[in-house]
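Dropping work.txt in here (compact mmCIF, C-alpha atoms):
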```txt
# COMPACT_ATOMS: atom_id res chain seq x y z
CA MET A 126 244.37 188.39 72.80
CA ALA A 127 241.53 187.85 75.23
CA ASP A 128 238.06 187.84 73.70
CA ASP A 129 235.27 190.23 74.71
CA GLN A 130 233.73 187.69 77.08
CA GLY A 131 237.08 187.16 78.80
CA SER A 132 237.57 190.92 79.17
CA ALA A 133 234.12 191.29 80.73
CA VAL A 134 234.84 188.47 83.19
CA ALA A 135 238.12 190.11 84.19
CA GLU A 136 236.47 193.50 84.69
CA ASP A 137 233.73 192.03 86.87
CA ALA A 138 236.27 190.04 88.89
CA PHE A 139 238.44 193.08 89.61
CA ALA A 140 235.40 195.23 90.39
CA LEU A 141 234.47 192.86 93.23
CA LEU A 142 237.76 193.67 94.95
CA GLY A 143 237.17 197.42 94.97
CA HIS A 144 236.60 197.80 98.71
CA GLU A 145 238.93 197.64 101.69
CA ILE A 146 236.60 195.42 103.73
CA ARG A 147 236.55 192.78 100.97
CA LEU A 148 240.33 192.86 100.78
CA ASP A 149 240.50 192.47 104.57
CA ILE A 150 238.26 189.41 104.35
CA LEU A 151 240.56 187.83 101.79
CA ARG A 152 243.67 188.73 103.80
CA ALA A 153 242.20 186.99 106.82
CA LEU A 154 241.45 183.87 104.79
CA PHE A 155 244.93 183.72 103.27
CA ASP A 156 246.57 184.19 106.67
CA ARG A 157 244.80 180.99 107.74
CA TYR A 158 244.67 179.10 104.46
CA GLU A 159 246.45 175.75 104.06
CA PRO A 160 246.39 173.95 100.69
CA ILE A 161 244.96 170.57 101.71
CA ASP A 162 242.85 168.03 99.87
CA PRO A 163 239.20 169.17 100.17
CA THR A 164 238.21 165.52 100.75
CA SER A 165 240.32 165.42 103.93
CA GLY A 166 238.65 164.82 107.27
CA PRO A 167 237.06 167.63 109.30
CA GLU A 168 240.05 167.92 111.64
CA LEU A 169 242.23 169.03 108.69
CA ARG A 170 239.57 171.19 107.03
CA ASP A 171 239.01 173.10 110.26
CA ARG A 172 242.63 174.28 110.16
CA ARG A 173 242.00 176.35 107.06
CA THR A 174 238.45 177.62 107.57
CA LEU A 175 237.21 180.70 109.38
CA SER A 176 233.79 181.22 110.89
CA TYR A 177 231.60 184.22 110.19
CA ALA A 178 232.50 185.67 113.58
CA GLU A 179 236.24 185.11 113.07
CA LEU A 180 236.16 186.80 109.68
CA MET A 181 234.21 189.75 111.02
CA ASP A 182 236.60 190.11 113.95
CA ALA A 183 239.62 189.97 111.59
CA THR A 184 238.28 192.89 109.54
CA GLY A 185 237.50 195.02 112.57
CA VAL A 186 234.02 195.83 111.21
CA GLN A 187 231.46 196.37 113.99
CA ASP A 188 228.36 196.67 111.82
CA SER A 189 227.20 193.15 110.97
CA GLY A 190 224.95 194.42 108.18
CA LYS A 191 227.84 196.17 106.45
CA PHE A 192 230.13 193.16 106.93
CA ASN A 193 227.53 190.73 105.60
CA TYR A 194 226.98 192.93 102.53
CA HIS A 195 230.65 192.77 101.56
CA LEU A 196 230.99 189.07 102.38
CA GLU A 197 228.05 188.28 100.12
CA LYS A 198 229.68 190.23 97.30
CA LEU A 199 232.68 187.90 97.54
CA ARG A 200 230.73 184.66 97.85
CA GLY A 201 230.90 182.47 94.80
CA ALA A 202 233.71 184.38 93.14
CA TYR A 203 236.28 184.56 95.94
CA VAL A 204 234.78 182.97 99.03
CA GLU A 205 232.75 179.82 99.56
CA ALA A 206 231.06 178.27 102.57
CA VAL A 207 232.13 174.83 103.78
CA ASP A 208 230.04 173.35 106.59
CA GLY A 209 229.05 176.81 107.77
CA GLU A 210 232.56 178.26 107.65
CA TYR A 211 234.51 180.03 104.91
CA VAL A 212 237.46 179.30 102.63
CA PRO A 213 238.87 181.06 99.55
CA THR A 214 237.77 179.76 96.15
CA ALA A 215 240.16 178.49 93.48
CA GLY A 216 239.88 181.89 91.78
CA ALA A 217 240.96 183.69 94.95
CA ILE A 218 243.87 181.30 95.45
CA ALA A 219 245.01 181.81 91.85
CA LEU A 220 244.93 185.58 92.34
CA TYR A 221 246.87 185.28 95.59
CA GLU A 222 249.50 183.05 93.99
CA ALA A 223 249.78 185.44 91.04
CA MET A 224 250.56 188.29 93.43
CA ILE A 225 253.29 186.20 95.08
CA ALA A 226 254.73 185.12 91.73
CA ASN A 227 254.74 188.53 90.07
CA ARG A 228 255.41 190.86 93.04
CA PRO A 229 253.64 193.79 91.34
CA THR A 230 254.84 196.40 93.84
CA GLU A 231 258.51 195.36 93.63
CA SER A 232 261.13 195.67 90.91
CA VAL A 233 264.18 193.69 89.82
CA PRO A 234 267.17 194.98 87.83
CA ALA A 235 266.76 194.89 84.06
CA ASP A 236 270.16 193.24 83.60
CA VAL A 237 270.16 189.74 85.06
CA THR A 238 273.42 187.99 85.85
CA VAL A 239 273.30 184.60 84.14
CA GLU A 240 276.84 183.24 84.71
CA ALA A 241 276.52 180.66 81.93
CA THR A 242 278.29 180.31 78.61
CA CYS A 243 276.93 179.91 75.11
CA PRO A 244 276.79 176.22 74.12
CA ASN A 245 278.02 177.19 70.65
CA CYS A 246 280.84 179.70 71.14
CA ASP A 247 281.45 179.69 74.92
CA ALA A 248 280.85 183.43 75.20
CA ASP A 249 279.17 184.69 78.36
CA LEU A 250 275.39 184.74 78.01
CA HIS A 251 273.44 187.91 78.72
CA GLY A 252 270.17 188.07 80.63
CA GLU A 253 267.61 190.86 80.55
CA TYR A 254 264.33 191.20 82.42
CA GLU A 255 261.72 193.56 80.99
CA GLN A 256 257.93 193.73 81.40
CA GLU A 257 258.08 190.38 83.24
CA PHE A 258 259.73 188.64 80.28
CA LEU A 259 263.16 187.11 80.79
CA THR A 260 265.53 187.00 77.81
CA VAL A 261 268.71 184.95 77.67
CA GLU A 262 270.87 185.48 74.59
CA CYS A 263 274.41 185.24 73.30
CA PRO A 264 275.87 188.62 72.29
CA ALA A 265 278.66 186.98 70.27
CA CYS A 266 276.97 184.55 67.84
CA ASP A 267 273.73 183.92 65.97
CA ILE A 268 273.60 180.12 66.33
CA PHE A 269 272.55 179.98 69.97
CA TRP A 270 268.75 180.15 69.89
CA GLY A 271 268.35 181.89 73.21
CA ALA A 272 264.89 182.52 74.58
CA THR A 273 262.44 185.19 75.59
CA TYR A 274 259.60 183.99 77.77
CA ARG A 275 257.30 185.26 80.49
CA PHE A 276 258.93 184.50 83.82
CA PRO A 277 257.55 185.45 87.24
CA LYS A 278 259.46 188.19 89.01
CA HIS A 279 259.68 186.02 92.10
CA GLY A 280 261.61 183.42 90.10
CA VAL A 281 264.26 185.98 89.21
CA ALA A 282 264.41 187.39 92.74
CA VAL A 283 265.13 184.04 94.43
CA ARG A 284 267.71 182.76 91.90
CA GLU A 285 271.08 183.86 90.66
CA GLY A 286 273.74 182.80 88.20
CA VAL A 287 273.20 179.76 86.03
CA ASP A 288 270.07 178.82 88.01
CA VAL A 289 268.23 181.71 86.34
CA TYR A 290 269.14 180.43 82.89
CA GLU A 291 268.17 176.85 83.64
CA ALA A 292 264.92 177.82 85.34
CA LEU A 293 263.84 179.85 82.29
CA TYR A 294 264.34 176.94 79.91
CA ASP A 295 262.85 174.34 82.21
CA ARG A 296 259.73 176.43 82.73
CA MET A 297 259.41 177.26 79.04
CA MET A 298 259.77 173.65 77.89
CA TYR A 299 257.40 172.35 80.56
CA HIS A 300 254.80 174.78 79.23
CA VAL A 301 255.58 173.90 75.60
CA GLY A 302 255.04 170.24 76.39
CA LEU A 303 251.65 170.98 77.93
CA ALA A 304 250.70 173.24 75.01
CA ARG A 305 251.52 170.40 72.60
CA THR A 306 248.68 168.44 74.21
CA GLY A 307 246.30 171.27 73.29
CA GLN A 308 246.08 172.81 76.78
CA CYS A 309 247.18 176.34 77.60
CA PRO A 310 249.63 176.32 80.55
CA SER A 311 248.25 179.66 81.68
CA CYS A 312 244.44 179.38 81.53
CA ALA A 313 243.81 175.72 80.51
CA GLY A 314 242.22 176.96 77.28
CA ILE A 315 242.78 175.37 73.89
CA THR A 316 246.12 175.97 72.20
CA GLY A 317 247.10 175.85 68.54
CA VAL A 318 250.39 175.50 66.70
CA THR A 319 251.32 177.58 63.67
CA LEU A 320 254.19 176.96 61.27
CA PRO A 321 255.17 180.18 59.47
CA TRP A 322 255.06 178.85 55.88
CA ASP A 323 256.95 181.75 54.37
CA ARG A 324 259.87 181.30 56.74
CA LEU A 325 260.05 177.50 56.69
CA ASP A 326 261.71 176.74 53.35
CA GLY A 327 265.46 176.49 53.77
CA GLU A 328 265.43 178.18 57.17
CA SER A 329 268.08 177.02 59.57
CA THR A 330 266.36 175.81 62.73
CA PRO A 331 262.79 176.83 61.76
CA THR A 332 260.50 178.03 64.53
CA VAL A 333 256.87 177.38 65.37
CA GLU A 334 254.38 179.54 67.24
CA MET A 335 252.11 178.21 69.96
CA THR A 336 249.18 180.37 71.01
CA CYS A 337 246.12 180.15 73.23
CA GLY A 338 242.72 180.92 71.73
CA THR A 339 241.49 182.46 74.98
CA CYS A 340 244.24 184.32 76.81
CA SER A 341 247.47 186.05 75.77
CA TRP A 342 249.78 183.05 76.24
CA LEU A 343 252.31 182.73 73.42
CA ALA A 344 255.53 180.79 72.88
CA THR A 345 257.81 180.79 69.86
CA VAL A 346 260.27 177.88 69.89
CA ASP A 347 262.48 176.02 67.48
CA VAL A 348 260.76 173.12 65.76
CA ILE A 349 262.78 170.38 67.49
CA SER A 350 261.95 171.74 70.93
CA ALA A 351 258.28 171.63 69.95
CA LEU A 352 258.62 168.06 68.66
CA GLN A 353 260.83 166.56 71.34
CA PHE A 354 257.81 165.39 73.35
CA GLU A 355 256.73 163.12 70.50
CA PRO A 356 257.97 159.55 71.19
CA ARG A 357 258.75 158.82 67.51
CA VAL A 358 260.83 161.97 67.23
CA THR A 359 262.73 161.25 70.44
CA SER A 360 263.44 157.69 69.28
CA ALA A 361 264.68 158.94 65.90
CA LEU A 362 267.05 161.43 67.51
CA VAL A 363 268.52 158.70 69.67
CA GLU A 364 268.81 156.44 66.62
CA ILE A 365 270.92 158.98 64.71
CA GLY A 366 273.25 159.31 67.69
CA VAL A 367 271.91 162.20 69.72
CA PRO A 368 272.55 161.20 73.35
CA ARG A 369 269.29 160.37 75.12
CA GLU A 370 269.83 163.03 77.78
CA GLU A 371 270.15 165.64 75.02
CA THR A 372 266.74 164.85 73.51
CA SER A 373 264.92 165.95 76.66
CA SER A 374 266.83 169.17 77.29
CA LEU A 375 266.60 172.27 75.14
CA ARG A 376 269.79 173.59 76.71
CA ALA A 377 271.70 170.50 75.61
CA THR A 378 269.97 170.07 72.24
CA GLU A 379 271.16 173.53 71.22
CA ARG A 380 274.69 172.27 71.48
CA VAL A 381 274.29 169.24 69.22
CA LEU A 382 271.59 170.20 66.70
CA PRO A 383 272.57 173.54 65.15
CA ALA A 384 271.77 172.65 61.50
CA VAL A 385 268.09 171.68 61.53
CA THR A 386 266.26 172.77 58.36
CA GLY A 387 262.72 172.62 57.00
CA ARG A 388 261.02 172.54 53.63
CA VAL A 389 257.39 172.83 52.57
CA GLU A 390 256.21 169.84 50.55
CA SER A 391 252.62 170.93 50.02
CA ARG A 392 250.46 173.85 51.07
CA GLU A 393 247.05 172.33 50.42
CA PRO A 394 246.92 170.17 52.39
CA PHE A 395 249.88 171.46 54.34
CA SER A 396 252.87 169.14 54.59
CA ALA A 397 256.46 169.88 55.54
CA THR A 398 259.65 167.97 56.24
CA VAL A 399 262.04 168.79 59.05
CA THR A 400 265.57 167.48 58.48
CA VAL A 401 267.86 166.84 61.45
CA PRO A 402 271.49 165.98 60.60
CA HIS A 403 273.84 164.68 63.26
CA GLU A 404 277.34 163.25 62.77
CA GLY A 405 276.62 161.93 59.28
CA ALA A 406 273.18 160.51 60.11
CA ILE A 407 269.86 162.13 59.25
CA ALA A 408 266.35 162.08 60.70
CA GLU A 409 263.51 163.34 58.52
CA ILE A 410 260.24 164.22 60.23
CA SER A 411 257.13 164.72 58.13
CA VAL A 412 254.59 167.06 59.76
CA GLY A 413 251.15 168.33 58.87
CA GLU A 414 248.99 171.24 59.96
CA GLY A 415 249.42 171.99 63.64
CA LEU A 416 252.77 170.17 63.67
CA GLU A 417 251.10 166.78 63.62
CA VAL A 418 253.80 164.13 63.14
CA ARG A 419 252.91 161.97 60.14
CA ALA A 420 256.08 159.98 59.55
CA VAL A 421 259.65 159.73 60.80
CA GLU A 422 262.53 158.23 58.83
CA THR A 423 266.19 157.88 59.72
CA THR A 424 269.31 157.27 57.64
CA THR A 425 272.48 156.16 59.36
CA ASP A 426 275.93 155.16 58.10
```

Represent the structure from my file as structure tokens, please.
Amino acid sequence: MADDQGSAVAEDAFALLGHEIRLDILRALFDRYEPIDPTSGPELRDRRTLSYAELMDATGVQDSGKFNYHLEKLRGAYVEAVDGEYVPTAGAIALYEAMIANRPTESVPADVTVEATCPNCDADLHGEYEQEFLTVECPACDIFWGATYRFPKHGVAVREGVDVYEALYDRMMYHVGLARTGQCPSCAGITGVTLPWDRLDGESTPTVEMTCGTCSWLATVDVISALQFEPRVTSALVEIGVPREETSSLRATERVLPAVTGRVESREPFSATVTVPHEGAIAEISVGEGLEVRAVETTTD
């Protein structure tokens, strides 16, 4: 959950947008805005900037004092001056992109057509979209891990069939990989990894939780998906016979690694072993607090 400071920042940021003239100023900037390198030459920068007079004309405000008052309210937070002209700030651009991604005034059907089959039992997968979270699951078996993850409404609206399913996993795993480096994919805050101790011993395909200490970002994934970005783990999976292309794809890994288990070796300090069997070979991955990889061993025939 967001902390008190984050909540105060959000409240102040939204309060600044509470006037039609300020929204008109931002609309005018976004109509003109082009995402170019800010170090580009003046001929490129001029294509995305608006002068004071152009902004005032775009809003239709005749009173320069009133216009200047509202422009000054936006400066710093949503608007900045560049060589005497104006461009949106990074915060304004992020807000604009969030509106495009999430389409808050539109809706999509709750049932999403996936048109893909379960990698375990070949049953048709089911997709559901609720509160801007996309869920893909198999209604016929319990082995397919499936996924529930925040997915922009725009992403559902512009895709159909198997593309929806693949886009969900690709986006989720891209974010998991970034979170494994300690960076939140949503706010760039600091992320942590938690292994549920009580559910680790003997659990088939144990899961880990990744959370951000600043915002509400959260991902719960199977332990191999969380570890697959570690070079030693990837090498070990290849060594025991998992095809290389499978080690970098959650969709494919589900098909070949259904029997992963975990066991707690020590709780103070925390130590656990993740066992990955595949076609008679075994990879054992020793992890510490935060899913730090300590050692990797393989046994092959």

Shell around range 288-301 of chain A at 8 Å using only C-alpha atoms, local window under 3 positions removed, as an MDAnalysis selection string = chainID A and resid 239 241 259 261 272 274 276 280:281 284:285 304:305 309:310 335 344 350:351 375:376

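Reported to one decimal place, the separation of CA of Glu393 in chain A from CA of Gly317 in chain A is 18.5 Å.
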
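Between CA of Cys340 in chain A and CA of Gly413 in chain A lies a distance of 25.0 Å.
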
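The two atoms in question, CA of Leu196 in chain A and CA of His144 in chain A, are spaced 11.0 Å apart.
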
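For the choices A:Gly185, A:Gly190, A:Gly201, A:Gly307, the atom-to-atom distance to Ala138 in chain A is smallest for A:Gly201 when using only C-alpha atoms.
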
Check the smallest atom-to-atom distance from each of A:Asn227, A:Thr424, A:Thr238, A:Asn193 to Gly405 in chain A using all atoms listed in the file, then report the winner.
-> A:Thr424

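Using only C-alpha atoms, the smallest distance between any of A:Ala265, A:Leu148, A:Tyr211, A:Thr336 and Thr184 in chain A comes from A:Leu148.
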
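Minimum atom-to-atom distances from A:Arg157, A:Leu199, A:Asp347, A:Val237 to Gly143 in chain A were compared using only C-alpha atoms, and the lowest value belongs to A:Leu199.
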
Got a sec: who's within 12 Å of Tyr194 in chain A, counting only C-alpha atoms, leaving out chain neighbours fewer than 2 positions off, as a PyMOL selection string?
-> chain A and resi 141+144+146-147+150+181+186+188-192+196-200

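Closest approach to Glu231 in chain A among A:Pro213, A:Ala282, A:Asp267, A:Ile218: A:Ala282, based on all atoms listed in the file.
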
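Proximity ranking of A:Glu364, A:Asp208, A:Glu355, A:Asp247 relative to Phe269 in chain A places A:Asp247 first, based on all atoms listed in the file.
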